[in-house]
Amino acid sequence: MYFNNHIKTFSLFVLLLISLTVKSQKIQYDQDVSRYYNEGIAHFNNGDYHAANAAFRNALATNRVLPTNLSYYFAETLYYVRQFQNSRNFVEKYINLAGYSGDFYEEAIHLRELINNEFQKIIDCQRCNSFGYRLIFCERCETTGVEMTECPDCKGTGNTLCPKCTGKGVLITLDTFSQNHYETCDKCQGEGVIVCELCEGHKEITRICTLCLGVGLRSSNVICTHEDLEEEEEDDDDDDEQKELFQKKKVYRQ
Ligand SMILES: [Zn+2]
Ligand SMILES: [Zn+2]
Ligand SMILES: [Zn+2]
Ligand SMILES: [Zn+2]
């Protein structure tokens, strides 16, 4: 009896699965979506992940209903182009949407592990920010973390209006006969202006570097390889941007 019930439940489950699968196959996607999706998969299968990335992004940009598997393909593509945060978002999206019965469930779980490994490398690496982009020396503050800027109170003049006489240079009071009585302002000695209290007349103030927020290093758009600088310098890397960066670093280190 118990066994029979089990069989029944199981066959119901199988029926449900079949009907779900049939249902999902019936979905007609927008023509553009299908075209970009198939293009993306073709590039993906050829190992051209930058082209696949572009095609999947085009599919996403249509704002139409997308095949669930696109999330997986896109996540794996993003992993290869080293956009790990995005890759993580899409693999999680895929697992949520497709669940255990998803075509790429096992692959998705594996991909999630690979992404976690990459994030661990980022955490362990001293040379990149939390998104894996290479940190470079801040050129604005020359790594001091502070910069000089025009004083906002005196607008770089070193003086501000005397608050006591409001710039008139004289203090006007009424005497006992209701007559105006004029007296040279004692705060500004009749000048109408006083030395700026914020910059103390220096015309500039020191503030935290707005480019690196005081760290002395800033993020670049170069994706970090988490290798030692020396190792990379020996590499025959054709990436001009990276070469330029290392040259800059070399200059700094001399
Ligand atoms: Zn005054
Ligand atoms: Zn000032
Ligand atoms: Zn800076
Ligand atoms: Zn790194």
# chains A, B, ... in the order shown; residues from 1 in each chain; ligands from 1
$ closest_atom_pairs --of "chain A" --to "ligand 3" --cutoff "12 Å" --atoms "only C-alpha atoms and all ligand atoms" --output "CSV"
residue,atom,partner,partner_atom_place_in_ligand_line,distance
A:Leu135,CA,ligand 3,1 (Zn),11.8
A:Ile136,CA,ligand 3,1 (Zn),10.2
A:Phe137,CA,ligand 3,1 (Zn),7.9
A:Cys138,CA,ligand 3,1 (Zn),4.5
A:Glu139,CA,ligand 3,1 (Zn),6.5
A:Arg140,CA,ligand 3,1 (Zn),5.1
A:Cys141,CA,ligand 3,1 (Zn),4.1
A:Glu142,CA,ligand 3,1 (Zn),6.4
A:Thr143,CA,ligand 3,1 (Zn),5.6
A:Thr144,CA,ligand 3,1 (Zn),6.6
A:Gly145,CA,ligand 3,1 (Zn),4.6
A:Val146,CA,ligand 3,1 (Zn),6.3
A:Glu147,CA,ligand 3,1 (Zn),7.3
A:Met148,CA,ligand 3,1 (Zn),11.0
A:Arg207,CA,ligand 3,1 (Zn),10.3
A:Ile208,CA,ligand 3,1 (Zn),7.7
A:Cys209,CA,ligand 3,1 (Zn),4.5
A:Thr210,CA,ligand 3,1 (Zn),6.5
A:Leu211,CA,ligand 3,1 (Zn),5.1
A:Cys212,CA,ligand 3,1 (Zn),4.1
A:Leu213,CA,ligand 3,1 (Zn),6.3
A:Gly214,CA,ligand 3,1 (Zn),5.8
A:Val215,CA,ligand 3,1 (Zn),6.5
A:Gly216,CA,ligand 3,1 (Zn),4.7
A:Leu217,CA,ligand 3,1 (Zn),6.4
A:Arg218,CA,ligand 3,1 (Zn),7.1
A:Ser219,CA,ligand 3,1 (Zn),10.7
$ residues_near_ligand --ligand "ligand 4" --cutoff "6 Å" --atoms "only C-alpha atoms and all ligand atoms" --output "list in words"
Ile122, Cys125, Arg127, Cys128, Gly132, Cys224, Thr225 and His226 of chain A
$ residues_near_ligand --ligand "ligand 2" --cutoff "8 Å" --atoms "only C-alpha atoms and all ligand atoms" --output "list in words"
Glu150, Cys151, Pro152, Asp153, Cys154, Lys155, Gly156, Thr157, Gly158, Asn159, Thr160, Val195, Cys196, Glu197, Leu198, Cys199, Glu200, Gly201, His202, Lys203, Glu204 and Ile205 of chain A
$ residues_around --residues "stretch 102-109 of chain A" --least-positions-apart "3" --cutoff "8 Å" --atoms "only C-alpha atoms" --output "PDB file with N, CA and C atoms, in the first residue's frame"
ATOM      1  N   ASN A  69      17.932  29.568 -19.663  1.00  0.00           N
ATOM      2  CA  ASN A  69      19.317  29.125 -19.871  1.00  0.00           C
ATOM      3  C   ASN A  69      20.254  30.267 -20.238  1.00  0.00           C
ATOM      4  N   TYR A  72      22.417  31.196 -17.466  1.00  0.00           N
ATOM      5  CA  TYR A  72      23.586  30.347 -17.231  1.00  0.00           C
ATOM      6  C   TYR A  72      24.703  30.655 -18.228  1.00  0.00           C
ATOM      7  N   VAL A  91      24.633  33.680 -12.145  1.00  0.00           N
ATOM      8  CA  VAL A  91      24.562  32.266 -11.793  1.00  0.00           C
ATOM      9  C   VAL A  91      23.534  32.080 -10.664  1.00  0.00           C
ATOM     10  N   TYR A  94      20.195  32.231 -12.217  1.00  0.00           N
ATOM     11  CA  TYR A  94      19.879  30.988 -12.917  1.00  0.00           C
ATOM     12  C   TYR A  94      19.441  29.907 -11.935  1.00  0.00           C
ATOM     13  N   ILE A  95      20.192  29.760 -10.838  1.00  0.00           N
ATOM     14  CA  ILE A  95      19.861  28.713  -9.864  1.00  0.00           C
ATOM     15  C   ILE A  95      18.470  28.976  -9.275  1.00  0.00           C
ATOM     16  N   ALA A  98      15.861  28.233 -12.315  1.00  0.00           N
ATOM     17  CA  ALA A  98      15.779  26.870 -12.858  1.00  0.00           C
ATOM     18  C   ALA A  98      15.706  25.798 -11.774  1.00  0.00           C
ATOM     19  N   GLY A  99      16.295  26.092 -10.618  1.00  0.00           N
ATOM     20  CA  GLY A  99      16.285  25.111  -9.532  1.00  0.00           C
ATOM     21  C   GLY A  99      17.013  23.830  -9.901  1.00  0.00           C
ATOM     22  N   ARG A 112      29.612  28.425  -9.550  1.00  0.00           N
ATOM     23  CA  ARG A 112      29.515  29.202  -8.317  1.00  0.00           C
ATOM     24  C   ARG A 112      30.790  29.005  -7.483  1.00  0.00           C
ATOM     25  N   GLU A 113      31.290  27.751  -7.432  1.00  0.00           N
ATOM     26  CA  GLU A 113      32.529  27.467  -6.690  1.00  0.00           C
ATOM     27  C   GLU A 113      33.714  28.188  -7.320  1.00  0.00           C
TER      28      GLU A 113
END
$ residues_near_ligand --ligand "ligand 1" --cutoff "12 Å" --atoms "only C-alpha atoms and all ligand atoms" --output "ChimeraX atom specification"
/A:159-172,183-195
$ closest_residue --among "A:Val65, A:Asn46, A:Phe56, A:Asp124" --to "A:Ile27" --atoms "only C-alpha atoms"
A:Val65
$ residues_around --residues "A:Ile115" --least-positions-apart "3" --cutoff "7 Å" --atoms "only C-alpha atoms" --output "list in words"
Phe84, Arg88, Leu111, Arg112, Glu118 and Phe119 of chain A
$ residues_around --residues "stretch 36-43 of chain A" --least-positions-apart "6" --cutoff "10 Å" --atoms "only C-alpha atoms" --output "ChimeraX atom specification"
/A:29,49-60,62,66-67,69-70,73-74,77
$ write_last_selection --atoms "C-alpha atoms" --output "compact mmCIF listing (two decimals), in the first residue's frame"
# COMPACT_ATOMS: atom_id res chain seq x y z
CA TYR A 29 10.59 34.21 -27.65
CA TYR A 49 33.50 35.06 -25.00
CA HIS A 50 33.76 38.77 -25.75
CA ALA A 51 31.44 38.36 -28.75
CA ALA A 52 29.16 36.09 -26.69
CA ASN A 53 29.09 38.75 -23.97
CA ALA A 54 28.00 41.37 -26.51
CA ALA A 55 25.28 39.13 -27.99
CA PHE A 56 23.82 38.19 -24.59
CA ARG A 57 23.84 41.83 -23.56
CA ASN A 58 21.89 42.66 -26.71
CA ALA A 59 19.32 40.02 -25.76
CA LEU A 60 19.04 41.51 -22.26
CA THR A 62 15.49 43.98 -25.55
CA LEU A 66 14.43 35.65 -21.96
CA PRO A 67 15.19 31.92 -21.98
CA ASN A 69 19.32 29.13 -19.87
CA LEU A 70 20.53 32.50 -21.07
CA TYR A 73 25.34 30.96 -20.54
CA PHE A 74 25.76 34.62 -19.66
CA THR A 77 30.64 33.97 -20.31
$ select_by_dssp --residues "stretch 80-172 of chain A" --states "strand (DSSP E or B)" --output "MDAnalysis selection string"
chainID A and resid 128 133:137 146:150 159:161 170:172
$ select_by_dssp --residues "stretch 9-153 of chain A" --states "alpha helix (DSSP H)" --output "ChimeraX atom specification"
/A:9-26,31-45,49-61,68-80,84-98,105-124
$ atom_distance --atom1 "atom CA of A:Glu76" --atom2 "atom CA of A:Gln126"
26.1 Å
